[in-house]
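For reference, input-v2.cif is printed below; it contains mmCIF, C-alpha atoms and all ligand atoms.
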data_coords
#
loop_
_atom_site.label_atom_id
_atom_site.label_comp_id
_atom_site.auth_asym_id
_atom_site.auth_seq_id
_atom_site.Cartn_x
_atom_site.Cartn_y
_atom_site.Cartn_z
CA MET A 1 169.15 128.80 32.37
CA ILE A 2 165.46 128.13 32.94
CA GLY A 3 164.59 130.56 30.13
CA GLU A 4 166.70 128.50 27.76
CA LEU A 5 164.86 125.22 28.39
CA SER A 6 162.18 124.30 25.86
CA PRO A 7 158.81 123.02 27.17
CA ILE A 8 159.92 119.49 26.19
CA ASP A 9 163.11 119.79 28.21
CA LYS A 10 161.17 121.14 31.18
CA ALA A 11 158.82 118.16 30.86
CA LYS A 12 161.77 115.75 30.80
CA TYR A 13 163.28 117.51 33.80
CA VAL A 14 160.21 117.26 36.04
CA ALA A 15 159.59 113.62 35.08
CA ALA A 16 163.22 112.72 35.79
CA ARG A 17 163.20 114.51 39.13
CA ARG A 18 159.95 112.85 40.25
CA ALA A 19 161.29 109.39 39.40
CA ALA A 20 164.68 110.02 41.03
CA ASP A 21 162.81 110.85 44.24
CA MET A 22 161.35 107.31 44.25
CA VAL A 23 164.82 105.92 44.98
CA GLN A 24 165.43 105.00 48.61
CA ASP A 25 168.56 104.60 50.68
CA GLY A 26 170.42 101.34 50.02
CA MET A 27 168.80 100.64 46.66
CA ARG A 28 170.57 99.18 43.63
CA VAL A 29 169.48 101.36 40.74
CA GLY A 30 169.64 100.84 36.98
CA LEU A 31 170.60 104.13 35.36
CA GLY A 32 169.14 104.68 31.88
CA THR A 33 170.61 106.53 28.94
CA GLY A 34 169.52 109.69 27.12
CA SER A 35 168.72 113.31 27.85
CA THR A 36 165.86 112.51 30.26
CA ALA A 37 167.93 109.88 32.06
CA ASP A 38 170.77 112.41 32.36
CA TRP A 39 168.49 114.68 34.43
CA MET A 40 167.60 111.72 36.62
CA VAL A 41 171.27 110.79 37.18
CA ARG A 42 172.07 114.40 38.12
CA ARG A 43 169.20 114.49 40.62
CA LEU A 44 170.34 111.19 42.15
CA GLY A 45 173.85 112.61 42.46
CA GLU A 46 172.41 115.64 44.27
CA ARG A 47 170.41 113.40 46.60
CA ALA A 48 173.40 111.16 47.27
CA GLN A 49 175.33 114.23 48.47
CA GLN A 50 172.57 116.11 50.28
CA GLU A 51 170.92 113.12 51.98
CA ASP A 52 173.98 110.89 52.25
CA LEU A 53 172.01 108.38 50.19
CA LYS A 54 173.91 105.09 49.86
CA ILE A 55 172.93 103.69 46.48
CA LYS A 56 174.64 101.54 43.90
CA GLY A 57 174.13 102.66 40.31
CA VAL A 58 174.32 100.30 37.33
CA PRO A 59 174.71 102.39 34.17
CA THR A 60 173.31 101.29 30.81
CA SER A 61 176.03 102.93 28.69
CA THR A 62 179.53 104.35 28.92
CA ARG A 63 177.98 107.81 28.58
CA THR A 64 175.79 107.30 31.67
CA ALA A 65 178.63 105.64 33.58
CA GLN A 66 180.77 108.73 33.04
CA LEU A 67 178.02 111.13 34.16
CA ALA A 68 177.14 109.00 37.19
CA ARG A 69 180.75 109.02 38.37
CA GLU A 70 180.99 112.79 37.78
CA VAL A 71 177.97 113.44 40.03
CA GLY A 72 179.27 111.16 42.78
CA ILE A 73 177.14 108.03 42.38
CA ASN A 74 178.75 104.74 43.44
CA VAL A 75 178.90 102.92 40.08
CA VAL A 76 178.98 99.11 39.99
CA SER A 77 178.52 96.57 37.20
CA LEU A 78 175.31 94.58 36.81
CA ASP A 79 177.12 91.42 37.84
CA GLN A 80 178.44 93.10 40.98
CA ALA A 81 174.93 94.28 41.86
CA GLY A 82 173.36 90.92 40.97
CA TRP A 83 169.79 92.17 40.90
CA LEU A 84 168.33 95.67 40.97
CA ASP A 85 165.56 97.25 43.02
CA ILE A 86 164.61 99.75 40.33
CA THR A 87 165.67 100.92 36.88
CA ILE A 88 164.80 104.39 35.68
CA ASP A 89 165.16 105.09 31.98
CA GLY A 90 163.76 107.16 29.13
CA ALA A 91 161.89 105.94 26.05
CA ASP A 92 161.30 107.06 22.49
CA GLU A 93 157.63 106.03 22.37
CA PHE A 94 155.16 104.40 24.77
CA ASP A 95 151.61 103.13 24.35
CA GLY A 96 148.68 102.67 26.73
CA GLU A 97 149.95 99.25 27.85
CA LEU A 98 153.39 100.72 28.57
CA ASN A 99 155.02 98.91 25.67
CA LEU A 100 158.02 100.93 24.57
CA ILE A 101 160.30 101.71 21.68
CA LYS A 102 163.79 102.36 22.99
CA GLY A 103 167.24 102.69 21.49
CA GLY A 104 167.13 106.16 19.97
CA GLY A 105 170.34 106.75 21.92
CA GLY A 106 171.81 103.44 20.79
CA ALA A 107 171.90 101.80 24.22
CA LEU A 108 168.94 99.41 23.90
CA LEU A 109 170.89 96.21 24.57
CA GLN A 110 172.28 97.15 27.97
CA GLU A 111 169.03 98.99 28.74
CA LYS A 112 166.95 95.86 28.16
CA ILE A 113 169.29 93.61 30.15
CA VAL A 114 169.37 96.03 33.08
CA ALA A 115 165.60 96.72 33.08
CA THR A 116 164.83 93.00 32.93
CA ALA A 117 167.11 92.39 35.92
CA SER A 118 165.13 94.84 38.08
CA ASP A 119 162.18 94.48 40.44
CA GLN A 120 160.63 97.43 38.65
CA MET A 121 161.28 99.55 35.60
CA VAL A 122 160.17 103.17 35.77
CA VAL A 123 160.14 105.07 32.49
CA ILE A 124 160.48 108.84 32.37
CA ALA A 125 159.22 110.73 29.34
CA ASP A 126 157.64 113.94 28.12
CA ALA A 127 153.99 113.67 27.21
CA GLY A 128 154.70 113.95 23.45
CA LYS A 129 156.05 110.39 23.43
CA GLU A 130 152.71 108.76 24.11
CA VAL A 131 151.16 107.10 21.03
CA GLU A 132 148.12 104.97 20.42
CA THR A 133 150.14 102.47 18.36
CA LEU A 134 153.94 102.17 18.39
CA GLY A 135 155.90 102.60 15.19
CA ALA A 136 156.12 106.25 14.14
CA PHE A 137 159.55 106.35 15.80
CA PRO A 138 161.97 104.13 13.82
CA LEU A 139 162.52 100.84 15.67
CA PRO A 140 166.22 100.30 16.48
CA ILE A 141 167.65 96.80 16.06
CA GLU A 142 171.16 95.98 17.28
CA VAL A 143 172.95 93.69 14.80
CA ILE A 144 176.45 92.29 14.78
CA PRO A 145 178.75 93.83 12.15
CA PHE A 146 179.54 90.45 10.52
CA GLY A 147 177.21 90.03 7.54
CA TRP A 148 175.00 92.95 8.60
CA GLN A 149 173.71 93.44 5.05
CA THR A 150 172.49 89.84 4.94
CA THR A 151 170.89 90.31 8.35
CA ARG A 152 169.17 93.40 6.97
CA THR A 153 167.81 91.45 3.98
CA LEU A 154 166.51 88.74 6.30
CA ILE A 155 164.85 91.36 8.51
CA GLU A 156 163.17 92.91 5.46
CA GLU A 157 161.84 89.50 4.44
CA VAL A 158 160.44 89.01 7.94
CA LEU A 159 158.82 92.46 7.87
CA ASP A 160 156.94 91.52 4.67
CA THR A 161 155.04 88.93 6.74
CA MET A 162 154.35 91.19 9.75
CA ASP A 163 151.51 93.58 10.57
CA VAL A 164 153.45 96.79 9.89
CA LEU A 165 152.82 99.71 7.52
CA GLY A 166 156.38 100.41 6.36
CA THR A 167 159.28 98.06 5.69
CA SER A 168 162.22 100.34 4.91
CA THR A 169 165.39 99.99 6.96
CA ALA A 170 168.46 102.16 7.41
CA LEU A 171 171.89 101.54 8.88
CA ARG A 172 172.46 104.17 11.56
CA MET A 173 175.42 106.36 10.66
CA ILE A 174 177.60 108.87 12.44
CA GLY A 175 178.87 111.08 9.65
CA GLN A 176 180.32 108.73 7.02
CA ALA A 177 180.76 105.73 9.33
CA PRO A 178 178.28 103.22 10.76
CA TYR A 179 177.29 103.92 14.36
CA VAL A 180 178.99 101.51 16.78
CA THR A 181 177.29 100.58 20.06
CA ASP A 182 179.02 100.05 23.41
CA GLU A 183 179.06 96.33 22.53
CA GLY A 184 180.76 96.96 19.17
CA ASN A 185 177.61 96.32 17.10
CA HIS A 186 175.63 98.35 14.56
CA ILE A 187 172.05 99.62 14.63
CA LEU A 188 169.45 99.17 11.91
CA ASP A 189 166.52 101.60 12.20
CA LEU A 190 163.25 100.12 10.90
CA HIS A 191 160.77 102.65 9.54
CA LEU A 192 157.55 100.76 10.25
CA GLN A 193 155.14 103.69 10.81
CA ARG A 194 152.69 101.43 12.64
CA ILE A 195 153.29 98.14 14.49
CA GLY A 196 150.09 96.08 14.66
CA ASN A 197 151.41 93.35 16.99
CA VAL A 198 154.36 94.43 19.11
CA ARG A 199 154.69 91.16 21.02
CA GLN A 200 154.86 89.06 17.84
CA LEU A 201 157.29 91.42 16.12
CA ALA A 202 159.61 91.50 19.15
CA LEU A 203 159.77 87.70 19.24
CA VAL A 204 160.19 87.20 15.50
CA LEU A 205 162.94 89.81 15.06
CA ASN A 206 165.10 88.12 17.66
CA GLN A 207 164.95 84.85 15.67
CA VAL A 208 166.90 86.40 12.77
CA PRO A 209 170.59 85.35 12.85
CA GLY A 210 172.75 88.43 13.37
CA VAL A 211 170.13 90.26 15.42
CA VAL A 212 171.36 90.79 18.95
CA GLU A 213 168.29 92.58 20.35
CA ASN A 214 165.42 94.78 19.28
CA GLY A 215 164.20 98.04 20.81
CA LEU A 216 160.68 96.83 21.66
CA PHE A 217 160.18 96.60 25.43
CA VAL A 218 157.07 94.49 26.03
CA ASP A 219 155.86 93.72 29.58
CA ILE A 220 159.02 95.25 31.06
CA CYS A 221 157.90 98.73 32.14
CA ASP A 222 155.92 98.90 35.41
CA GLN A 223 155.43 102.62 35.86
CA ILE A 224 155.65 105.65 33.64
CA VAL A 225 156.32 109.14 34.87
CA ILE A 226 155.09 111.63 32.29
CA GLY A 227 156.24 115.24 32.48
CA TYR A 228 154.54 118.31 31.03
CA GLY A 229 156.10 121.66 30.11
CA ASP A 230 154.12 123.48 32.84
CA GLY A 231 155.61 121.27 35.56
CA ARG A 232 152.73 118.81 35.92
CA VAL A 233 153.72 115.18 36.40
CA GLU A 234 151.57 112.12 35.89
CA VAL A 235 152.54 108.73 37.33
CA ARG A 236 150.85 105.67 35.83
CA ASP A 237 151.26 102.23 37.33
CA ILE A 238 150.35 99.40 34.96
CA ASN A 239 150.23 96.73 37.70
CA GLU A 240 148.08 98.74 40.12
CA GLY A 241 146.03 100.35 37.34
CA THR A 242 146.45 103.74 39.04
CA THR A 243 147.22 107.25 37.78
CA GLU A 244 148.36 110.10 40.02
CA VAL A 245 148.86 113.69 38.94
CA ASP A 246 151.20 116.10 40.75
CA GLN A 247 150.56 119.78 40.17
CA PRO A 248 153.45 122.10 39.19
CA THR A 249 154.22 123.41 42.64
CA GLU A 250 154.77 121.51 45.81
CA GLY A 251 154.44 123.49 49.05
CA GLY A 252 154.62 126.70 47.06
CA GLU A 253 158.10 125.79 45.85
CA ASN A 254 158.84 126.33 42.19
CA LEU A 255 159.91 122.99 40.69
CA PHE A 256 162.20 124.75 38.24
CA ALA A 257 163.81 126.99 40.88
CA ASP A 258 167.06 125.06 41.03
CA LEU A 259 167.49 125.44 37.28
CA ALA A 260 167.63 129.21 37.56
CA ASP A 261 170.99 130.99 37.28
C1 LIG A 301 168.58 105.38 24.58
C2 LIG A 301 167.12 105.42 24.79
C3 LIG A 301 166.56 106.67 25.38
O1 LIG A 301 165.95 106.35 26.57
C4 LIG A 301 165.56 107.26 24.43
O2 LIG A 301 166.20 107.47 23.19
C5 LIG A 301 164.98 108.57 24.96
O3 LIG A 301 165.96 109.57 24.91
P1 LIG A 301 165.71 111.04 25.44
O4 LIG A 301 165.47 110.95 26.91
O5 LIG A 301 166.97 111.78 25.10
O6 LIG A 301 164.51 111.62 24.69
O7 LIG A 301 166.40 104.49 24.55
O8 LIG A 301 168.98 104.21 23.94
#

structure tokens encoding of this file:
Amino acid sequence: MIGELSPIDKAKYVAARRAADMVQDGMRVGLGTGSTADWMVRRLGERAQQEDLKIKGVPTSTRTAQLAREVGINVVSLDQAGWLDITIDGADEFDGELNLIKGGGGALLQEKIVATASDQMVVIADAGKEVETLGAFPLPIEVIPFGWQTTRTLIEEVLDTMDVLGTSTALRMIGQAPYVTDEGNHILDLHLQRIGNVRQLALVLNQVPGVVENGLFVDICDQIVIGYGDGRVEVRDINEGTTEVDQPTEGGENLFADLAD
């Protein structure tokens, strides 16, 4: 199996594993959505079994809820958990201040609620997702289905007044039908190319009637765990201003060994 993983997938794997190992017994953990988060959920499931780790997992999508249950994590709702010790999730882009674009997997609404209700948010990503300025990845906006075309027009008018390079928007589709989120909404992807002021744009977009939430995460992420295809992992903490780098092998053990057939 290891031979089949691309360098990007290996990078996601090591980042996910490193972050999952930050979780301690008894914690209430927000479980992100996406391919990197899937690795993290699997690792937590392994730890729950091997170490008899008693954690409560709050998933950010039906997809993650299903996987978490399959791997034996005790799944509870956010309201049952009340508040979370940590949320670990992926991202589509991140910048030097750990601002994020999220929602490529369509789960941005629950992801933002869960991350905001956590003592700390740890993002896991491959190194290719780091950018100087956010915006190359289309920015997802969750909108309610009622009057979505009007909402789109209003968003485009707002974009004309913002510090962005592009202003085109697209309704996310699955085949011939609009994509529907776990909350029954649609997603508009904004092709902005470059976002000059992420904080301003995040605030202004949420003022448009019909917009439920946008995929900009500003001042939410505390730590980022960046994986590389050779197994290196970098952990940056925005509050402490620290960066640690783990080399590919720990105690001579191959980090990818458990992926082998
Ligand atoms: C889902 C997300 C994901 O975290 C983001 O799309 C990254 O996905 P992946 O880990 O598959 O690259 O925001 O809504």

What gap, in Å, lies between CA of Leu134 in chain A and CA of Asp95 in chain A?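 Atom-to-atom, CA of Leu134 in chain A and CA of Asp95 in chain A are spaced 6.5 Å apart.
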
With only C-alpha atoms and all ligand atoms as the atoms that count, which of A:Val41, A:Ala91, A:Leu84, A:Leu67 lies nearest to ligand LIG 301 (chain A)? A:Ala91

Close residues to ligand LIG 301 (chain A) using only C-alpha atoms and all ligand atoms, limit 8 Å, as a PyMOL selection string: chain A and resi 12+32-38+89-92+101-108+111+124-125+215

Please identify all polymer residues within 12 Å of range 193-205 of chain A, counting all atoms listed in the file, omitting same-chain residues fewer than 3 positions from it, and present them as a PyMOL selection string. chain A and resi 93-95+97-101+131-143+151-152+154-169+188-190+208-220

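Here CA of Gln24 in chain A stands at a distance of 18.0 Å from CA of Ala117 in chain A.
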
Spatial neighbours of Gly72 in chain A, max dist 9 Å, all atoms listed in the file, sep filter under 4 positions, as a ChimeraX atom specification: /A:44-46,48-49,67-68

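Residues lying within 10 Å of Val29 in chain A, counting all atoms listed in the file and ignoring same-chain neighbours fewer than 6 positions away, are Ala20, Val23, Leu44, Ile55, Lys56, Gly57, Val58, Pro59, Val75, Val76, Leu78, Ala81, Trp83, Leu84, Asp85, Ile86, Thr87, Ile88, Val114, Ala115, Ser118, Gln120 and Met121 of chain A.
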
Please determine the residues with any atom at most 7 Å from (172.0, 99.2, 48.0) (coordinates as given in the file, with only C-alpha atoms counting) and report them as a ChimeraX atom specification. /A:25-28,54-56
